[in-house]
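Report on the following structure.
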Amino acid sequence: MTLCFENLHKKQLLVVFVIGVLLGSIPIESVLANNTNNDDPGPDFILNSVMATYDRKFRPNTKGPPTVVTIDIYVSDFDSVQEATMDYGLVIFLRQRWNDNRLQYNASEPMVLQGDSANLLWQPDLFIPNEKKGFLHSVTTENRLLRIYPNGDVFLSSRYSLTLSCYMDLKKFPLDDQICIMQMESYGYTTKDLIFNWTEKDPVQTEEDLKLPQFQIRKHETESCTKQYSTGAFTCIRARFYLHRDVGYYMLQAYLPSILLVVLSWVSFWITYDAAPARVALGVTTILTMTTLDSGIRATLPKVAYAKAIDIWMALCQVFVFGALVEFAVVNYVHVLRTKKRRKVLDKYRFSVISKDNAAFEIEDKFSIDDGKKKSNDKVIKRKVSRLSENTVDVTENGDLTHRDIDATDFLVDAKSIDRFSQIAFPTAFIIFNTIYWIIFFLFID
């Protein structure tokens, strides 16, 4: 009798359970949960129970001590540094850790949630003051990782691409070193409510094979930089990246071409000063090419109020190239003046010769008696005129007079002497300039 009653009771319970499930009065999840022997409740149950009374508008420990957030970053990519806009690009994993006692639960393992779940939690109001633009990566899903530990610790990792401003001192450009910073502050919470700290171990990590087109990352440092504004003191941390520029690109694109142009301008010193078109064309061509090269370099640089190292170099190279053209102008001027002076001396000499020849002709004509002697006098006239013509040919062909009556000391130097002096003076001056330039910018200017 007792056995029959128990069977009937089980059947009634089963019928009631089935009816309750069909009508929705008994949640099936609670039934399954009560029938499990697992000590840890399911993550859905934990999350729902925790979030039931959670308000993300308030920070942890609202009336207690400030919330401490420890931060570290992993730099996966360091984009090109742009001098014209004074900025640089970073791709980083920003990792934040803090404790929120409202998220404590009884379990042995942390909850790993999808990135968009972070929008349900309170988050530090971190912002980057020197950011120009940036975005959170979302291919193929939002690149965020959220972990909640049983003791209420929260770990949030996000992947960002950032373009950050970097004020550069370009006095030594392109032989310079730069320091670019990444600064993070709290936007609304003062130090009474929120504090940012770097993690004690490896606060800034970089990819092992990280390379930049023109720079090398020498080192990086971290520091605290609490800011004091009229609205209060706000927590701040800063990372410094020390960059050393590789000068190889500018050696090939600026220094070497300009050196070759300066050397090319010296070729005119070995061209005779009579070949004016060749020397003028060479000088003008080198000046225009140097100007074009200088303009191309300046186009990639910001307009600053001081002279850069590359500006001094290009300016002095233009001075050397322009000086080579001016040297030819001086040579040509000296040559013309000497030629005019010699022609005046020649005209005076020719007048003296003609006067003597006329006197000789008169004497011969006076004492001549027969036609035979007159014919001899004609020979004397022809001989005198022929001697004068030979002197004239010497001037037109050689440009120099060698007659003993012509004074060649009217000028201290002649055209050939100036060219010979320039052949030595210009290369020597350029070598001295190079020595001083590289010593100063490598050793004495910081």
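Quick note on naming: the chains in the structure tokens go A, B, ... in the order shown, residues restart at 1 in each chain, and ligands are numbered from 1 in order of appearance.
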
Filtered DSSP result for stretch 252-322 of chain A, state helix (DSSP H, G or I), as a PyMOL selection string: chain A and resi 252-270+276-298+309-322

Within 12 Å of A:Phe58 using only C-alpha atoms, minus same-chain residues under 5 positions, as a list in words: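 The residues satisfying every condition are Lys63, Thr67, Asp100, Arg102, Leu120, Leu121, Trp122, Gln123, Pro124, Asp125, Tyr189, Asp193 and Leu194 of chain A.
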
Nearby residues (only C-alpha atoms) at most 7 Å from stretch 263-277 of chain A, same-chain spacing under 6 positions excluded, as a VMD selection string: chain A and resid 283 286 321 324 332 419 422 to 423

Residues from last step as file, N, CA and C atoms, as a PDB file, in the first residue's frame:
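part-v3.pdb, freshly written:
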```pdb
ATOM      1  N   GLY A 283      77.463  77.625 -64.958  1.00  0.00           N
ATOM      2  CA  GLY A 283      77.178  78.296 -63.688  1.00  0.00           C
ATOM      3  C   GLY A 283      75.692  78.445 -63.425  1.00  0.00           C
ATOM      4  N   THR A 286      74.032  74.939 -62.574  1.00  0.00           N
ATOM      5  CA  THR A 286      74.294  74.458 -61.215  1.00  0.00           C
ATOM      6  C   THR A 286      73.511  75.263 -60.178  1.00  0.00           C
ATOM      7  N   VAL A 321      78.414  77.754 -55.246  1.00  0.00           N
ATOM      8  CA  VAL A 321      78.026  77.663 -56.660  1.00  0.00           C
ATOM      9  C   VAL A 321      77.895  79.055 -57.265  1.00  0.00           C
ATOM     10  N   ALA A 324      81.258  80.603 -57.896  1.00  0.00           N
ATOM     11  CA  ALA A 324      81.935  80.157 -59.121  1.00  0.00           C
ATOM     12  C   ALA A 324      81.484  80.963 -60.327  1.00  0.00           C
ATOM     13  N   ASN A 332      86.200  87.659 -66.598  1.00  0.00           N
ATOM     14  CA  ASN A 332      85.847  88.280 -67.877  1.00  0.00           C
ATOM     15  C   ASN A 332      86.055  89.794 -67.829  1.00  0.00           C
ATOM     16  N   ASP A 419      91.863  82.386 -62.379  1.00  0.00           N
ATOM     17  CA  ASP A 419      91.387  81.007 -62.534  1.00  0.00           C
ATOM     18  C   ASP A 419      92.288  80.028 -61.792  1.00  0.00           C
ATOM     19  N   SER A 422      91.540  80.289 -58.133  1.00  0.00           N
ATOM     20  CA  SER A 422      90.237  79.704 -57.800  1.00  0.00           C
ATOM     21  C   SER A 422      90.290  78.185 -57.784  1.00  0.00           C
ATOM     22  N   GLN A 423      91.116  77.614 -58.655  1.00  0.00           N
ATOM     23  CA  GLN A 423      91.251  76.156 -58.686  1.00  0.00           C
ATOM     24  C   GLN A 423      91.731  75.590 -57.349  1.00  0.00           C
TER      25      GLN A 423
END
```

Closest of A:Phe215, A:Tyr255, A:Phe328, A:Phe322 to A:Leu288 - atom-to-atom distances counting only C-alpha atoms: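 Checking each candidate against A:Leu288, we get A:Phe322 as the closest.
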
Å distance separating atom CA of A:Asp176 from atom CA of A:Asp87, one decimal place: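 The value is 15.7 Å.
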
Best match for closeness to A:Val69 among A:Gln216, A:Asn99, A:Ser117, A:Ser230, counting only C-alpha atoms: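 Smallest separation from A:Val69 among the options: A:Asn99.
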
Distance criterion (only C-alpha atoms): nearest to A:Asp311 out of A:Phe444, A:Phe426, A:Tyr437, A:Phe173: A:Phe173

Secondary structure check, strand (DSSP E) residues of stretch 220-332 of chain A, as a ChimeraX atom specification: /A:220-224,227-229,232-234,236-245

Residue nearest A:Asn197 among A:Tyr167, A:Trp98, A:Tyr249, A:Tyr149 (counting only C-alpha atoms): A:Trp98

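When the distance limit is 9 Å and only C-alpha atoms are what count, the residues near stretch 108-112 of chain A, minus those fewer than 6 positions from it on the same chain, are Asp40, Pro43, Leu47, Leu145, Leu146, Arg147, Ile148, Tyr149 and Pro150 of chain A.
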
Two-atom distance - atom CA of A:Asp72, atom CA of A:Gln96 (Å):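 So the answer is 6.9 Å.
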
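Atom CA of A:Ile424 is positioned 23.5 Å from atom CA of A:Arg338.
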
Find the spatial neighbours of A:Phe196, counting only C-alpha atoms, within a cut-off of 10 Å - ignore same-chain residues fewer than 6 positions away - and output them as a short mmCIF file (atom, residue, chain, number, x, y, z; two decimals) with all heavy atoms, in the first residue's frame.
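Full text of result.cif as output:
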```cif
data_model
loop_
_atom_site.label_atom_id
_atom_site.label_comp_id
_atom_site.auth_asym_id
_atom_site.auth_seq_id
_atom_site.Cartn_x
_atom_site.Cartn_y
_atom_site.Cartn_z
N THR A 67 40.16 55.61 -6.53
CA THR A 67 40.36 54.38 -7.29
C THR A 67 41.71 54.45 -7.99
O THR A 67 42.02 55.42 -8.69
CB THR A 67 39.24 54.20 -8.33
OG1 THR A 67 37.98 54.16 -7.65
CG2 THR A 67 39.43 52.92 -9.11
N VAL A 68 42.51 53.43 -7.80
CA VAL A 68 43.85 53.38 -8.40
C VAL A 68 43.79 52.50 -9.64
O VAL A 68 43.37 51.34 -9.58
CB VAL A 68 44.89 52.84 -7.40
CG1 VAL A 68 46.26 52.75 -8.06
CG2 VAL A 68 44.94 53.71 -6.16
N VAL A 69 44.22 53.05 -10.76
CA VAL A 69 44.24 52.33 -12.03
C VAL A 69 45.70 52.20 -12.46
O VAL A 69 46.40 53.20 -12.63
CB VAL A 69 43.43 53.07 -13.12
CG1 VAL A 69 43.48 52.31 -14.44
CG2 VAL A 69 41.99 53.28 -12.67
N THR A 70 46.15 50.98 -12.61
CA THR A 70 47.51 50.73 -13.11
C THR A 70 47.44 50.49 -14.61
O THR A 70 46.54 49.80 -15.10
CB THR A 70 48.16 49.53 -12.41
OG1 THR A 70 47.32 48.37 -12.60
CG2 THR A 70 48.30 49.80 -10.93
N ILE A 71 48.39 51.07 -15.32
CA ILE A 71 48.35 51.09 -16.79
C ILE A 71 49.69 50.64 -17.33
O ILE A 71 50.75 50.98 -16.80
CB ILE A 71 48.02 52.51 -17.30
CG1 ILE A 71 46.62 52.93 -16.82
CG2 ILE A 71 48.10 52.58 -18.82
CD1 ILE A 71 46.27 54.36 -17.17
N GLN A 96 44.51 48.37 -18.79
CA GLN A 96 44.14 49.04 -17.55
C GLN A 96 43.67 48.00 -16.54
O GLN A 96 42.94 47.07 -16.89
CB GLN A 96 43.03 50.06 -17.79
CG GLN A 96 43.36 51.09 -18.88
CD GLN A 96 42.19 52.01 -19.15
OE1 GLN A 96 41.88 52.89 -18.35
NE2 GLN A 96 41.54 51.81 -20.29
N ARG A 97 44.05 48.21 -15.29
CA ARG A 97 43.65 47.32 -14.21
C ARG A 97 43.18 48.16 -13.02
O ARG A 97 43.85 49.13 -12.64
CB ARG A 97 44.81 46.42 -13.77
CG ARG A 97 45.33 45.48 -14.85
CD ARG A 97 46.57 44.74 -14.37
NE ARG A 97 47.05 43.78 -15.35
CZ ARG A 97 47.88 44.07 -16.34
NH1 ARG A 97 48.31 45.33 -16.49
NH2 ARG A 97 48.29 43.15 -17.20
N TRP A 98 42.05 47.78 -12.43
CA TRP A 98 41.55 48.42 -11.23
C TRP A 98 40.65 47.43 -10.48
O TRP A 98 40.31 46.37 -11.00
CB TRP A 98 40.79 49.70 -11.57
CG TRP A 98 39.48 49.49 -12.28
CD1 TRP A 98 38.24 49.36 -11.73
CD2 TRP A 98 39.28 49.38 -13.70
NE1 TRP A 98 37.28 49.19 -12.69
CE2 TRP A 98 37.90 49.20 -13.92
CE3 TRP A 98 40.13 49.43 -14.81
CZ2 TRP A 98 37.34 49.07 -15.19
CZ3 TRP A 98 39.58 49.29 -16.07
CH2 TRP A 98 38.21 49.11 -16.26
N PRO A 124 37.64 54.02 -16.32
CA PRO A 124 38.36 55.29 -16.09
C PRO A 124 38.17 56.23 -17.28
O PRO A 124 38.18 55.80 -18.44
CB PRO A 124 39.82 54.84 -15.95
CG PRO A 124 39.76 53.39 -15.60
CD PRO A 124 38.54 52.85 -16.27
N LEU A 126 39.92 58.06 -19.08
CA LEU A 126 41.27 58.36 -19.59
C LEU A 126 41.17 59.05 -20.94
O LEU A 126 40.39 58.65 -21.81
CB LEU A 126 42.07 57.07 -19.70
CG LEU A 126 43.52 57.15 -20.18
CD1 LEU A 126 44.34 56.06 -19.50
CD2 LEU A 126 43.61 56.98 -21.69
N MET A 184 48.75 60.62 -20.74
CA MET A 184 47.40 60.19 -20.41
C MET A 184 46.95 60.85 -19.12
O MET A 184 47.68 60.85 -18.12
CB MET A 184 47.35 58.66 -20.28
CG MET A 184 47.58 57.93 -21.60
SD MET A 184 47.74 56.15 -21.42
CE MET A 184 49.43 56.03 -20.86
N GLU A 185 45.74 61.42 -19.15
CA GLU A 185 45.19 62.12 -17.99
C GLU A 185 43.74 61.67 -17.76
O GLU A 185 43.10 61.08 -18.63
CB GLU A 185 45.21 63.63 -18.21
CG GLU A 185 46.58 64.24 -18.39
CD GLU A 185 46.50 65.75 -18.56
OE1 GLU A 185 45.48 66.35 -18.11
OE2 GLU A 185 47.43 66.33 -19.14
N SER A 186 43.25 62.00 -16.57
CA SER A 186 41.83 61.84 -16.26
C SER A 186 41.11 63.12 -16.66
O SER A 186 41.56 64.23 -16.36
CB SER A 186 41.63 61.57 -14.77
OG SER A 186 40.26 61.62 -14.44
N SER A 224 55.38 60.25 -13.78
CA SER A 224 54.10 60.80 -13.35
C SER A 224 54.11 62.30 -13.57
O SER A 224 55.15 62.96 -13.40
CB SER A 224 53.86 60.48 -11.88
OG SER A 224 52.65 61.05 -11.43
N CYS A 225 52.97 62.86 -13.96
CA CYS A 225 52.91 64.28 -14.31
C CYS A 225 51.57 64.87 -13.88
O CYS A 225 50.81 65.35 -14.73
CB CYS A 225 53.13 64.48 -15.80
SG CYS A 225 52.01 63.52 -16.85
N THR A 226 51.26 64.81 -12.61
CA THR A 226 49.97 65.32 -12.13
C THR A 226 49.81 66.78 -12.54
O THR A 226 50.71 67.61 -12.35
CB THR A 226 49.89 65.19 -10.60
OG1 THR A 226 50.01 63.81 -10.25
CG2 THR A 226 48.57 65.72 -10.10
N PHE A 234 44.59 66.90 -11.40
CA PHE A 234 44.17 65.73 -12.15
C PHE A 234 45.36 64.80 -12.37
O PHE A 234 46.47 65.26 -12.67
CB PHE A 234 43.56 66.14 -13.50
CG PHE A 234 42.27 66.88 -13.37
CD1 PHE A 234 42.25 68.24 -13.13
CD2 PHE A 234 41.06 66.21 -13.48
CE1 PHE A 234 41.05 68.93 -13.01
CE2 PHE A 234 39.86 66.88 -13.36
CZ PHE A 234 39.86 68.24 -13.12
N THR A 235 45.11 63.52 -12.21
CA THR A 235 46.17 62.55 -12.35
C THR A 235 46.67 62.49 -13.78
O THR A 235 45.91 62.70 -14.73
CB THR A 235 45.68 61.16 -11.90
OG1 THR A 235 46.76 60.23 -11.96
CG2 THR A 235 44.55 60.67 -12.78
N CYS A 236 47.96 62.21 -13.93
CA CYS A 236 48.57 62.23 -15.26
C CYS A 236 49.79 61.31 -15.25
O CYS A 236 50.55 61.28 -14.28
CB CYS A 236 48.96 63.65 -15.65
SG CYS A 236 50.03 63.78 -17.10
N ILE A 237 49.98 60.55 -16.31
CA ILE A 237 51.19 59.76 -16.52
C ILE A 237 51.69 60.00 -17.93
O ILE A 237 50.91 60.37 -18.82
CB ILE A 237 50.96 58.25 -16.26
CG1 ILE A 237 49.82 57.74 -17.15
CG2 ILE A 237 50.67 57.98 -14.80
CD1 ILE A 237 49.60 56.25 -17.04
#
```
